[in-house]
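Here is the file work-v5.cif (mmCIF, C-alpha atoms and all ligand atoms).
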```cif
data_data
#
loop_
_atom_site.label_atom_id
_atom_site.label_comp_id
_atom_site.auth_asym_id
_atom_site.auth_seq_id
_atom_site.Cartn_x
_atom_site.Cartn_y
_atom_site.Cartn_z
CA MET A 1 -5.14 27.01 0.73
CA SER A 2 -3.67 23.75 2.07
CA LEU A 3 -3.70 20.15 0.90
CA LYS A 4 -6.89 18.35 2.02
CA SER A 5 -4.90 15.37 3.26
CA ASN A 6 -2.17 17.47 4.96
CA PRO A 7 -2.90 20.92 6.43
CA TYR A 8 0.84 21.60 6.76
CA ILE A 9 1.30 21.69 2.97
CA LYS A 10 0.38 25.15 1.66
CA LEU A 11 -0.32 26.08 -1.93
CA ASN A 12 2.32 28.80 -2.14
CA GLY A 13 4.66 27.40 0.49
CA GLY A 14 7.45 26.36 -1.91
CA ASP A 15 8.50 22.73 -1.90
CA PHE A 16 11.35 20.59 -3.18
CA LEU A 17 9.91 17.33 -4.51
CA TYR A 18 13.17 15.65 -3.74
CA HIS A 19 12.77 12.26 -5.48
CA LEU A 20 11.41 13.92 -8.62
CA GLY A 21 14.08 16.63 -8.51
CA ILE A 22 11.43 19.35 -8.91
CA ASP A 23 11.69 22.61 -6.96
CA THR A 24 8.25 24.23 -7.02
CA SER A 25 9.76 27.69 -6.50
CA GLN A 26 11.63 27.24 -9.82
CA VAL A 27 9.01 25.30 -11.80
CA ASN A 28 5.58 26.77 -12.53
CA CYS A 29 3.54 23.67 -11.66
CA LYS A 30 0.20 25.28 -12.44
CA GLU A 31 1.27 26.39 -15.91
CA ILE A 32 2.78 23.02 -16.84
CA PHE A 33 0.59 20.46 -15.08
CA HIS A 34 -2.81 22.10 -14.52
CA ASP A 35 -4.56 20.16 -17.31
CA VAL A 36 -3.49 16.70 -16.03
CA LYS A 37 -6.46 14.27 -15.86
CA PHE A 38 -4.69 10.89 -15.81
CA VAL A 39 -1.60 9.66 -13.99
CA CYS A 40 -0.26 6.46 -15.52
CA LEU A 41 2.28 4.52 -13.47
CA GLY A 42 4.40 1.43 -14.03
CA GLY A 43 7.44 -0.17 -12.48
CA SER A 44 10.34 0.47 -14.81
CA THR A 45 11.70 3.70 -16.30
CA ASN A 46 12.16 2.21 -19.79
CA ARG A 47 8.65 0.80 -19.97
CA MET A 48 7.16 4.14 -18.96
CA LEU A 49 9.28 6.00 -21.54
CA LYS A 50 7.97 3.52 -24.10
CA PHE A 51 4.43 4.20 -22.89
CA ALA A 52 4.96 7.98 -23.11
CA LYS A 53 6.11 7.55 -26.75
CA PHE A 54 3.17 5.23 -27.44
CA ILE A 55 0.68 7.81 -26.10
CA ASN A 56 2.42 10.61 -28.02
CA GLU A 57 2.08 8.67 -31.26
CA ASN A 58 -1.39 7.24 -30.77
CA LEU A 59 -3.14 10.14 -29.07
CA ASN A 60 -1.25 13.17 -30.33
CA GLY A 61 0.12 11.85 -33.63
CA ASN A 62 3.67 13.01 -32.96
CA SER A 63 6.92 11.12 -32.56
CA GLU A 64 8.77 13.64 -30.42
CA GLU A 65 11.02 12.34 -27.65
CA PRO A 66 9.05 12.91 -24.42
CA TYR A 67 10.61 15.40 -21.98
CA ASN A 68 11.58 13.95 -18.60
CA TYR A 69 10.57 16.45 -15.89
CA ALA A 70 12.45 14.33 -13.33
CA TYR A 71 15.74 14.50 -15.28
CA LYS A 72 17.65 15.79 -12.23
CA THR A 73 17.23 12.46 -10.44
CA ASP A 74 17.67 8.82 -11.41
CA ARG A 75 15.03 7.58 -8.94
CA TYR A 76 12.01 8.12 -11.16
CA CYS A 77 11.08 9.41 -14.58
CA LEU A 78 8.18 11.81 -15.20
CA TYR A 79 6.68 12.61 -18.60
CA LYS A 80 3.63 14.59 -19.64
CA THR A 81 1.83 14.12 -22.89
CA GLY A 82 -1.41 16.12 -23.20
CA PRO A 83 -3.45 15.56 -20.04
CA ILE A 84 -1.54 12.40 -19.13
CA LEU A 85 1.24 12.32 -16.57
CA ILE A 86 3.46 9.24 -16.81
CA ALA A 87 5.94 8.01 -14.21
CA ASN A 88 7.67 4.86 -13.03
CA HIS A 89 7.30 3.74 -9.41
CA GLY A 90 10.00 1.10 -8.95
CA ILE A 91 9.21 -2.17 -7.17
CA GLY A 92 6.85 -2.52 -4.21
CA VAL A 93 4.72 -0.24 -2.06
CA PRO A 94 7.54 1.67 -0.26
CA SER A 95 8.94 2.90 -3.57
CA LEU A 96 5.43 3.59 -4.91
CA SER A 97 4.48 5.52 -1.74
CA VAL A 98 7.37 7.97 -2.14
CA LEU A 99 6.36 8.69 -5.72
CA LEU A 100 2.66 9.01 -4.87
CA ASN A 101 3.33 11.51 -2.07
CA GLU A 102 5.30 13.72 -4.44
CA ILE A 103 2.83 13.37 -7.33
CA PHE A 104 -0.14 14.15 -5.03
CA LYS A 105 1.69 17.33 -3.98
CA LEU A 106 2.55 18.19 -7.57
CA LEU A 107 -1.13 17.87 -8.56
CA PHE A 108 -2.07 20.06 -5.60
CA TYR A 109 0.42 22.80 -6.55
CA ALA A 110 -0.85 22.57 -10.14
CA GLN A 111 -4.45 22.82 -8.84
CA CYS A 112 -5.59 19.81 -10.86
CA SER A 113 -9.02 18.27 -10.42
CA ASP A 114 -10.73 14.94 -11.19
CA VAL A 115 -7.50 13.05 -11.81
CA ILE A 116 -7.58 9.25 -12.28
CA PHE A 117 -4.56 7.09 -11.39
CA ILE A 118 -3.89 3.95 -13.42
CA ARG A 119 -1.12 1.45 -12.78
CA LEU A 120 -0.01 -0.45 -15.88
CA GLY A 121 1.76 -3.39 -14.32
CA THR A 122 3.09 -6.87 -14.72
CA CYS A 123 2.00 -9.76 -12.53
CA GLY A 124 1.99 -13.49 -12.04
CA GLY A 125 -1.29 -14.98 -13.29
CA ILE A 126 -3.24 -17.49 -11.19
CA GLY A 127 -4.90 -19.90 -13.59
CA VAL A 128 -4.67 -17.40 -16.45
CA GLU A 129 -2.36 -17.81 -19.42
CA ALA A 130 0.78 -15.75 -19.80
CA GLY A 131 -0.04 -12.61 -21.80
CA THR A 132 -3.52 -12.24 -20.30
CA VAL A 133 -4.37 -8.72 -19.10
CA VAL A 134 -6.01 -8.63 -15.66
CA ILE A 135 -8.11 -5.67 -14.53
CA THR A 136 -8.30 -5.66 -10.73
CA ASP A 137 -11.86 -5.59 -9.39
CA ASN A 138 -10.96 -6.49 -5.80
CA VAL A 139 -7.67 -6.33 -3.91
CA VAL A 140 -6.43 -8.41 -0.99
CA ASN A 141 -3.22 -8.86 0.98
CA GLY A 142 -1.28 -12.13 1.45
CA GLU A 143 -3.77 -13.17 4.15
CA LEU A 144 -6.53 -12.64 1.58
CA GLU A 145 -8.02 -9.69 3.44
CA PRO A 146 -8.82 -6.38 1.70
CA ILE A 147 -6.57 -4.55 4.14
CA PHE A 148 -3.54 -2.34 3.61
CA SER A 149 -1.48 -2.29 6.77
CA TYR A 150 1.31 0.10 7.76
CA VAL A 151 2.93 1.46 10.90
CA SER A 152 2.28 5.15 11.56
CA ILE A 153 3.79 7.36 14.23
CA LYS A 154 0.18 8.18 15.10
CA LEU A 155 -0.05 6.61 18.57
CA GLY A 156 2.92 4.44 17.53
CA LYS A 157 0.55 1.85 16.16
CA ARG A 158 -0.14 -0.29 13.14
CA ILE A 159 -2.92 1.20 11.01
CA ASN A 160 -5.14 -1.13 8.98
CA ILE A 161 -7.05 0.44 6.13
CA THR A 162 -9.84 -1.41 4.38
CA THR A 163 -9.18 -1.02 0.68
CA THR A 164 -11.81 -1.04 -2.03
CA VAL A 165 -11.74 -0.81 -5.80
CA ASP A 166 -14.02 1.56 -7.74
CA ALA A 167 -16.48 -0.80 -9.45
CA ASP A 168 -17.70 1.83 -11.95
CA LEU A 169 -14.17 2.63 -13.08
CA VAL A 170 -13.40 -1.09 -13.51
CA ARG A 171 -16.56 -1.55 -15.61
CA GLU A 172 -15.72 1.48 -17.74
CA ILE A 173 -12.17 0.30 -18.41
CA TYR A 174 -13.30 -3.25 -19.11
CA ASP A 175 -16.10 -2.16 -21.45
CA HIS A 176 -13.69 -0.13 -23.56
CA SER A 177 -10.84 -2.60 -23.32
CA SER A 178 -12.09 -5.18 -25.79
CA GLN A 179 -11.96 -2.71 -28.71
CA ASN A 180 -9.07 -3.42 -31.11
CA ASN A 181 -7.44 -5.88 -28.76
CA SER A 182 -6.40 -9.33 -29.89
CA PHE A 183 -5.48 -10.60 -26.43
CA THR A 184 -7.50 -11.91 -23.49
CA ILE A 185 -8.65 -9.48 -20.79
CA VAL A 186 -10.21 -10.67 -17.53
CA ARG A 187 -11.41 -9.07 -14.32
CA GLY A 188 -10.58 -10.52 -10.92
CA THR A 189 -9.12 -10.27 -7.47
CA THR A 190 -5.49 -9.20 -7.15
CA CYS A 191 -3.38 -10.47 -4.28
CA SER A 192 -0.82 -7.79 -3.43
CA VAL A 193 2.22 -8.79 -1.35
CA ASP A 194 5.61 -7.45 -0.31
CA CYS A 195 7.98 -9.92 -1.90
CA PHE A 196 8.46 -11.43 -5.36
CA TYR A 197 9.73 -14.72 -3.95
CA GLU A 198 8.53 -16.05 -0.58
CA ALA A 199 5.26 -14.09 -0.36
CA GLN A 200 4.38 -15.29 -3.86
CA GLY A 201 5.12 -18.92 -3.04
CA ARG A 202 8.15 -19.28 -5.31
CA LEU A 203 10.45 -22.23 -4.83
CA ASP A 204 13.31 -20.54 -6.70
CA GLY A 205 14.24 -17.71 -4.29
CA ALA A 206 17.45 -17.74 -2.25
CA LEU A 207 15.30 -18.29 0.85
CA CYS A 208 12.50 -20.82 1.15
CA ASP A 209 11.11 -22.42 4.32
CA TYR A 210 8.05 -24.14 2.84
CA THR A 211 7.48 -27.19 0.69
CA GLU A 212 6.10 -27.83 -2.78
CA GLU A 213 2.93 -29.09 -1.07
CA ASP A 214 2.59 -25.79 0.89
CA ARG A 215 2.94 -23.94 -2.43
CA LYS A 216 0.23 -26.09 -4.01
CA GLN A 217 -2.15 -25.43 -1.12
CA PHE A 218 -1.43 -21.69 -1.27
CA PHE A 219 -2.37 -21.52 -4.95
CA GLU A 220 -5.50 -23.63 -4.38
CA LYS A 221 -6.55 -21.17 -1.66
CA LEU A 222 -5.92 -18.22 -3.99
CA GLN A 223 -8.05 -19.87 -6.69
CA ARG A 224 -10.89 -20.64 -4.27
CA ASN A 225 -10.94 -16.95 -3.37
CA GLY A 226 -11.14 -15.73 -6.96
CA VAL A 227 -7.56 -14.46 -7.11
CA LYS A 228 -6.43 -13.99 -10.71
CA ASN A 229 -3.01 -12.46 -10.13
CA LEU A 230 -0.18 -11.74 -7.70
CA GLU A 231 1.81 -8.52 -7.69
CA MET A 232 3.41 -6.02 -5.34
CA GLU A 233 1.85 -2.56 -5.54
CA SER A 234 -1.93 -2.52 -5.89
CA LEU A 235 -2.88 -2.44 -2.19
CA GLY A 236 -0.70 0.64 -1.73
CA LEU A 237 -2.00 2.22 -4.92
CA PHE A 238 -5.68 1.87 -3.99
CA SER A 239 -5.14 2.82 -0.37
CA TYR A 240 -2.98 5.93 -0.94
CA CYS A 241 -5.14 7.19 -3.82
CA HIS A 242 -8.31 6.76 -1.77
CA ARG A 243 -6.83 8.67 1.17
CA ALA A 244 -5.78 11.49 -1.14
CA GLY A 245 -9.21 11.60 -2.81
CA TYR A 246 -8.32 10.10 -6.21
CA LYS A 247 -9.87 7.26 -8.19
CA ALA A 248 -7.47 4.47 -9.11
CA ALA A 249 -7.35 1.41 -11.33
CA MET A 250 -4.92 -1.45 -11.88
CA ILE A 251 -4.29 -3.16 -15.20
CA ALA A 252 -1.56 -5.80 -15.24
CA VAL A 253 -0.35 -8.34 -17.74
CA ALA A 254 0.48 -11.85 -16.52
CA LEU A 255 4.08 -12.73 -17.37
CA LEU A 256 3.40 -16.37 -16.53
CA ASN A 257 0.77 -18.68 -15.13
CA ARG A 258 1.98 -19.36 -11.60
CA LEU A 259 0.15 -22.72 -11.54
CA GLU A 260 2.68 -23.87 -14.13
CA ALA A 261 5.95 -22.12 -13.29
CA ASP A 262 7.90 -19.80 -11.01
CA GLU A 263 10.17 -18.16 -13.57
CA PRO A 264 8.89 -15.87 -16.32
CA THR A 265 10.00 -16.84 -19.82
CA SER A 266 13.46 -15.70 -20.89
CA ASN A 267 12.11 -14.79 -24.34
CA ILE A 268 12.66 -11.03 -24.11
CA ASP A 269 10.76 -10.18 -27.32
CA MET A 270 7.71 -12.04 -26.05
CA LEU A 271 7.93 -10.33 -22.63
CA LYS A 272 8.17 -6.89 -24.28
CA GLU A 273 5.11 -7.61 -26.39
CA TRP A 274 3.13 -8.77 -23.34
CA GLU A 275 4.28 -5.73 -21.34
CA SER A 276 2.86 -3.41 -23.98
CA ARG A 277 -0.63 -4.98 -23.84
CA PRO A 278 -1.89 -2.80 -20.94
CA PHE A 279 -0.86 0.21 -23.09
CA TYR A 280 -3.73 -0.56 -25.50
CA THR A 281 -6.22 -1.09 -22.68
CA VAL A 282 -5.32 2.29 -21.17
CA LEU A 283 -5.29 4.01 -24.57
CA ASN A 284 -8.83 2.81 -25.33
CA PHE A 285 -10.06 3.97 -21.94
CA ILE A 286 -8.40 7.40 -22.13
CA ARG A 287 -9.70 7.87 -25.69
CA SER A 288 -13.22 7.18 -24.47
CA LYS A 289 -12.84 9.69 -21.62
CA LEU A 290 -11.44 12.35 -23.95
CA ASP A 291 -14.15 11.59 -26.52
CA ILE A 292 -11.64 10.65 -29.20
CA VAL A 293 -12.78 7.93 -31.62
N1 LIG B 301 5.35 -9.22 -10.78
C1 LIG B 301 5.13 -9.92 -9.66
O1 LIG B 301 5.02 -9.34 -8.56
N2 LIG B 301 5.05 -11.26 -9.75
C2 LIG B 301 5.19 -11.93 -10.90
O2 LIG B 301 5.12 -13.16 -10.91
C3 LIG B 301 5.42 -11.18 -12.08
C4 LIG B 301 5.49 -9.82 -11.99
#
```
For this file, produce the structure as structure tokens.
Ligand code: URA
Amino acid sequence: MSLKSNPYIKLNGGDFLYHLGIDTSQVNCKEIFHDVKFVCLGGSTNRMLKFAKFINENLNGNSEEPYNYAYKTDRYCLYKTGPILIANHGIGVPSLSVLLNEIFKLLFYAQCSDVIFIRLGTCGGIGVEAGTVVITDNVVNGELEPIFSYVSIKLGKRINITTTVDADLVREIYDHSSQNNSFTIVRGTTCSVDCFYEAQGRLDGALCDYTEEDRKQFFEKLQRNGVKNLEMESLGLFSYCHRAGYKAAMIAVALLNRLEADEPTSNIDMLKEWESRPFYTVLNFIRSKLDIV
């Protein structure tokens, strides 16, 4: 048996998932990971450790320190609690793509089925207050097109992939998200770009070749097109997951309203509290899928 999306990858071929530090000839992937139904991803290692502990406590009722299956490397972390795999992906699509390739292979070796990917992210809100959780129902690039673009060696050309979001999954997450939450949750278009500074119209980067007026016009255009947030991974997430045959969703908390500021607040306690808000949204959704009240 080979991987649907790559005939060269064989089930019993043996593989070193280099960036996860997992050698499949040493680790019994099927025994450990076969029951995985959700893959939850976020940028930083500490936040995803916190999420793994949160899921352990709230879903399994235990306070054990989660085991890091990627302990041999400092690139990524990888935890498993019940049917939920949890990893960090770093910043931006290149870093995310490396992780996704190795997780897709891991799920293949473990012979998992019907797995849903969810990114629990942070973002800059467009006309939404800091602390608002945004569930992506449409994704566009910096030119406001729903296209993920990359250069492949296939014919040495740029490949453009139209990227869509699973409307049923969005509805399901949104419908369960309002339970027990005291914060605002909205649905909207996410604009996914490759830079935190220039591509997001910041005036406080080291490099800036546009004016305050250009910035204003950029945000007005985003608003006219229903964009609710800016971030750096969702186009890659939806595109890679679709190609590999997985459903995906994106839930991100706004660290600031970009119509008001460029810099997130320096109040660390407040940022930490905001960052944990998508945890509750995901918990409610996973509970509903696992039929836990
Ligand atoms: N992540 C981003 O990409 N942009 C922000 O403004 C905040 C988080």
note = One residue among A:Asn138, A:Gln200, A:Asn257, A:Ser113 is nearest to Gly188 of chain A when using only C-alpha atoms, and that residue is A:Asn138
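If you look at atom CA of Lys154 of chain A and atom CA of Ala248 of chain A, they are 25.7 Å away from each other.
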message = Within 6 Å of ligand LIG 301 (chain B) (counting only C-alpha atoms and all ligand atoms), which residues show up? I'd like them as a list in words.
response = Thr122, Cys123, Gly124, Phe196, Leu230, Glu231, Met232 and Leu255 of chain A
message = Could you tell me how far atom CA of Cys40 of chain A sits from atom CA of Ile86 of chain A, in Å to one decimal place?
response =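 Straight-line distance from atom CA of Ile86 of chain A to atom CA of Cys40 of chain A works out to 4.8 Å.
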Which residues of segment 49-131 of chain A come within 12 Å of segment 236-245 of chain A, and what is each one's closest atom pair and distance in Å (one decimal), counting all atoms listed in the file, sorted by chain and residue number, as JSON lines?
```
{"residue": "A:His89", "atom": "CA", "partner": "A:Leu237", "partner_atom": "CA", "distance": 10.4}
{"residue": "A:Ile91", "atom": "CA", "partner": "A:Gly236", "partner_atom": "CA", "distance": 11.6}
{"residue": "A:Gly92", "atom": "CA", "partner": "A:Gly236", "partner_atom": "CA", "distance": 8.6}
{"residue": "A:Val93", "atom": "CA", "partner": "A:Gly236", "partner_atom": "CA", "distance": 5.5}
{"residue": "A:Pro94", "atom": "CA", "partner": "A:Gly236", "partner_atom": "CA", "distance": 8.4}
{"residue": "A:Ser95", "atom": "CA", "partner": "A:Gly236", "partner_atom": "CA", "distance": 10.1}
{"residue": "A:Leu96", "atom": "CA", "partner": "A:Gly236", "partner_atom": "CA", "distance": 7.5}
{"residue": "A:Ser97", "atom": "CA", "partner": "A:Gly236", "partner_atom": "CA", "distance": 7.1}
{"residue": "A:Val98", "atom": "CA", "partner": "A:Tyr240", "partner_atom": "CA", "distance": 10.6}
{"residue": "A:Leu99", "atom": "CA", "partner": "A:Leu237", "partner_atom": "CA", "distance": 10.6}
{"residue": "A:Leu100", "atom": "CA", "partner": "A:Tyr240", "partner_atom": "CA", "distance": 7.5}
{"residue": "A:Asn101", "atom": "CA", "partner": "A:Tyr240", "partner_atom": "CA", "distance": 8.5}
{"residue": "A:Glu102", "atom": "CA", "partner": "A:Ala244", "partner_atom": "CA", "distance": 11.8}
{"residue": "A:Ile103", "atom": "CA", "partner": "A:Cys241", "partner_atom": "CA", "distance": 10.7}
{"residue": "A:Phe104", "atom": "CA", "partner": "A:Ala244", "partner_atom": "CA", "distance": 7.3}
{"residue": "A:Lys105", "atom": "CA", "partner": "A:Ala244", "partner_atom": "CA", "distance": 9.9}
{"residue": "A:Leu107", "atom": "CA", "partner": "A:Ala244", "partner_atom": "CA", "distance": 10.8}
{"residue": "A:Phe108", "atom": "CA", "partner": "A:Ala244", "partner_atom": "CA", "distance": 10.3}
{"residue": "A:Ser113", "atom": "CA", "partner": "A:Gly245", "partner_atom": "CA", "distance": 10.1}
{"residue": "A:Asp114", "atom": "CA", "partner": "A:Gly245", "partner_atom": "CA", "distance": 9.1}
{"residue": "A:Val115", "atom": "CA", "partner": "A:Gly245", "partner_atom": "CA", "distance": 9.3}
{"residue": "A:Ile116", "atom": "CA", "partner": "A:Cys241", "partner_atom": "CA", "distance": 9.0}
{"residue": "A:Phe117", "atom": "CA", "partner": "A:Cys241", "partner_atom": "CA", "distance": 7.6}
{"residue": "A:Ile118", "atom": "CA", "partner": "A:Leu237", "partner_atom": "CA", "distance": 8.9}
{"residue": "A:Arg119", "atom": "CA", "partner": "A:Leu237", "partner_atom": "CA", "distance": 7.9}
{"residue": "A:Leu120", "atom": "CA", "partner": "A:Leu237", "partner_atom": "CA", "distance": 11.5}
{"residue": "A:Gly121", "atom": "CA", "partner": "A:Leu237", "partner_atom": "CA", "distance": 11.6}
```
ask   = Of the residues A:Tyr18, A:Cys29, A:Glu213, A:Glu129, which is the one nearest to Tyr76 of chain A, using all atoms listed in the file?
value =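 Among the listed residues, A:Tyr18 lies closest to Tyr76 of chain A.
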List as a CSV table (one decimal) with C-alpha atoms, in the coordinates of the input the protein and nucleic acid residues near Asp23 of chain A, meaning an atom at most 12 Å away when all atoms listed in the file are counted, but skip any in the same chain fewer than 3 places from it.
```
chain,number,residue,atom,x,y,z
A,13,GLY,CA,4.7,27.4,0.5
A,14,GLY,CA,7.4,26.4,-1.9
A,15,ASP,CA,8.5,22.7,-1.9
A,16,PHE,CA,11.4,20.6,-3.2
A,17,LEU,CA,9.9,17.3,-4.5
A,18,TYR,CA,13.2,15.6,-3.7
A,19,HIS,CA,12.8,12.3,-5.5
A,20,LEU,CA,11.4,13.9,-8.6
A,26,GLN,CA,11.6,27.2,-9.8
A,27,VAL,CA,9.0,25.3,-11.8
A,28,ASN,CA,5.6,26.8,-12.5
A,29,CYS,CA,3.5,23.7,-11.7
A,69,TYR,CA,10.6,16.4,-15.9
A,70,ALA,CA,12.4,14.3,-13.3
A,72,LYS,CA,17.6,15.8,-12.2
A,102,GLU,CA,5.3,13.7,-4.4
A,105,LYS,CA,1.7,17.3,-4.0
A,106,LEU,CA,2.6,18.2,-7.6
A,109,TYR,CA,0.4,22.8,-6.6
```
remark   = Judged by all atoms listed in the file, the minimum distance to Leu283 of chain A among A:His176, A:Arg187, A:Lys216, A:Lys247 is found for A:His176
ask   = atom CA of Ala206 of chain A and atom CA of Glu275 of chain A, how far apart in Å?
value = 26.1 Å
inquiry  = Just checking: using only C-alpha atoms, which residue out of A:Ile286, A:Ser182, A:Thr132, A:Asn68 ends up closest to Leu256 of chain A?
reply    =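 Closest to Leu256 of chain A, using only C-alpha atoms: A:Thr132.
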Close residues, Ile173 of chain A itself excluded, 8 Å, all atoms listed in the file, min 3 positions apart in chain, as a PyMOL selection string = chain A and resi 169-170+176-177+281-282+285
task = Name the closest residue to Ser192 of chain A among the candidates A:Trp274, A:Phe148, A:Phe219, A:Tyr67; distances are taken between atoms, counting all atoms listed in the file.
result =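 Selected residue with least distance to Ser192 of chain A: A:Phe148.
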inquiry  = Restricting the calculation to all atoms listed in the file: of A:Ser276, A:Asn225, A:Asn284, A:Thr184, which residue gets closest to Asn46 of chain A?
reply    =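 When distances to Asn46 of chain A are compared using all atoms listed in the file, the smallest one comes from A:Ser276.
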Need to verify the contact set: segment 259-272 of chain A, 12 Å, all atoms listed in the file, exclusion of same-chain residues closer than 5 positions in sequence. Can you return it as a compact mmCIF listing (two decimals) with C-alpha atoms, in the frame of the given file?
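Output (result-v3.txt):
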```txt
# COMPACT_ATOMS: atom_id res chain seq x y z
CA ASN A 46 12.16 2.21 -19.79
CA ARG A 47 8.65 0.80 -19.97
CA LYS A 50 7.97 3.52 -24.10
CA PHE A 51 4.43 4.20 -22.89
CA THR A 122 3.09 -6.87 -14.72
CA CYS A 123 2.00 -9.76 -12.53
CA GLY A 124 1.99 -13.49 -12.04
CA GLY A 125 -1.29 -14.98 -13.29
CA ILE A 126 -3.24 -17.49 -11.19
CA GLY A 127 -4.90 -19.90 -13.59
CA VAL A 128 -4.67 -17.40 -16.45
CA GLU A 129 -2.36 -17.81 -19.42
CA ALA A 130 0.78 -15.75 -19.80
CA GLY A 131 -0.04 -12.61 -21.80
CA THR A 132 -3.52 -12.24 -20.30
CA PHE A 196 8.46 -11.43 -5.36
CA TYR A 197 9.73 -14.72 -3.95
CA GLU A 198 8.53 -16.05 -0.58
CA GLN A 200 4.38 -15.29 -3.86
CA GLY A 201 5.12 -18.92 -3.04
CA ARG A 202 8.15 -19.28 -5.31
CA LEU A 203 10.45 -22.23 -4.83
CA ASP A 204 13.31 -20.54 -6.70
CA GLY A 205 14.24 -17.71 -4.29
CA GLU A 212 6.10 -27.83 -2.78
CA ARG A 215 2.94 -23.94 -2.43
CA LYS A 216 0.23 -26.09 -4.01
CA GLN A 217 -2.15 -25.43 -1.12
CA PHE A 218 -1.43 -21.69 -1.27
CA PHE A 219 -2.37 -21.52 -4.95
CA GLU A 220 -5.50 -23.63 -4.38
CA LEU A 222 -5.92 -18.22 -3.99
CA GLN A 223 -8.05 -19.87 -6.69
CA LYS A 228 -6.43 -13.99 -10.71
CA ASN A 229 -3.01 -12.46 -10.13
CA LEU A 230 -0.18 -11.74 -7.70
CA VAL A 253 -0.35 -8.34 -17.74
CA ALA A 254 0.48 -11.85 -16.52
CA ARG A 277 -0.63 -4.98 -23.84
CA PRO A 278 -1.89 -2.80 -20.94
CA PHE A 279 -0.86 0.21 -23.09
```
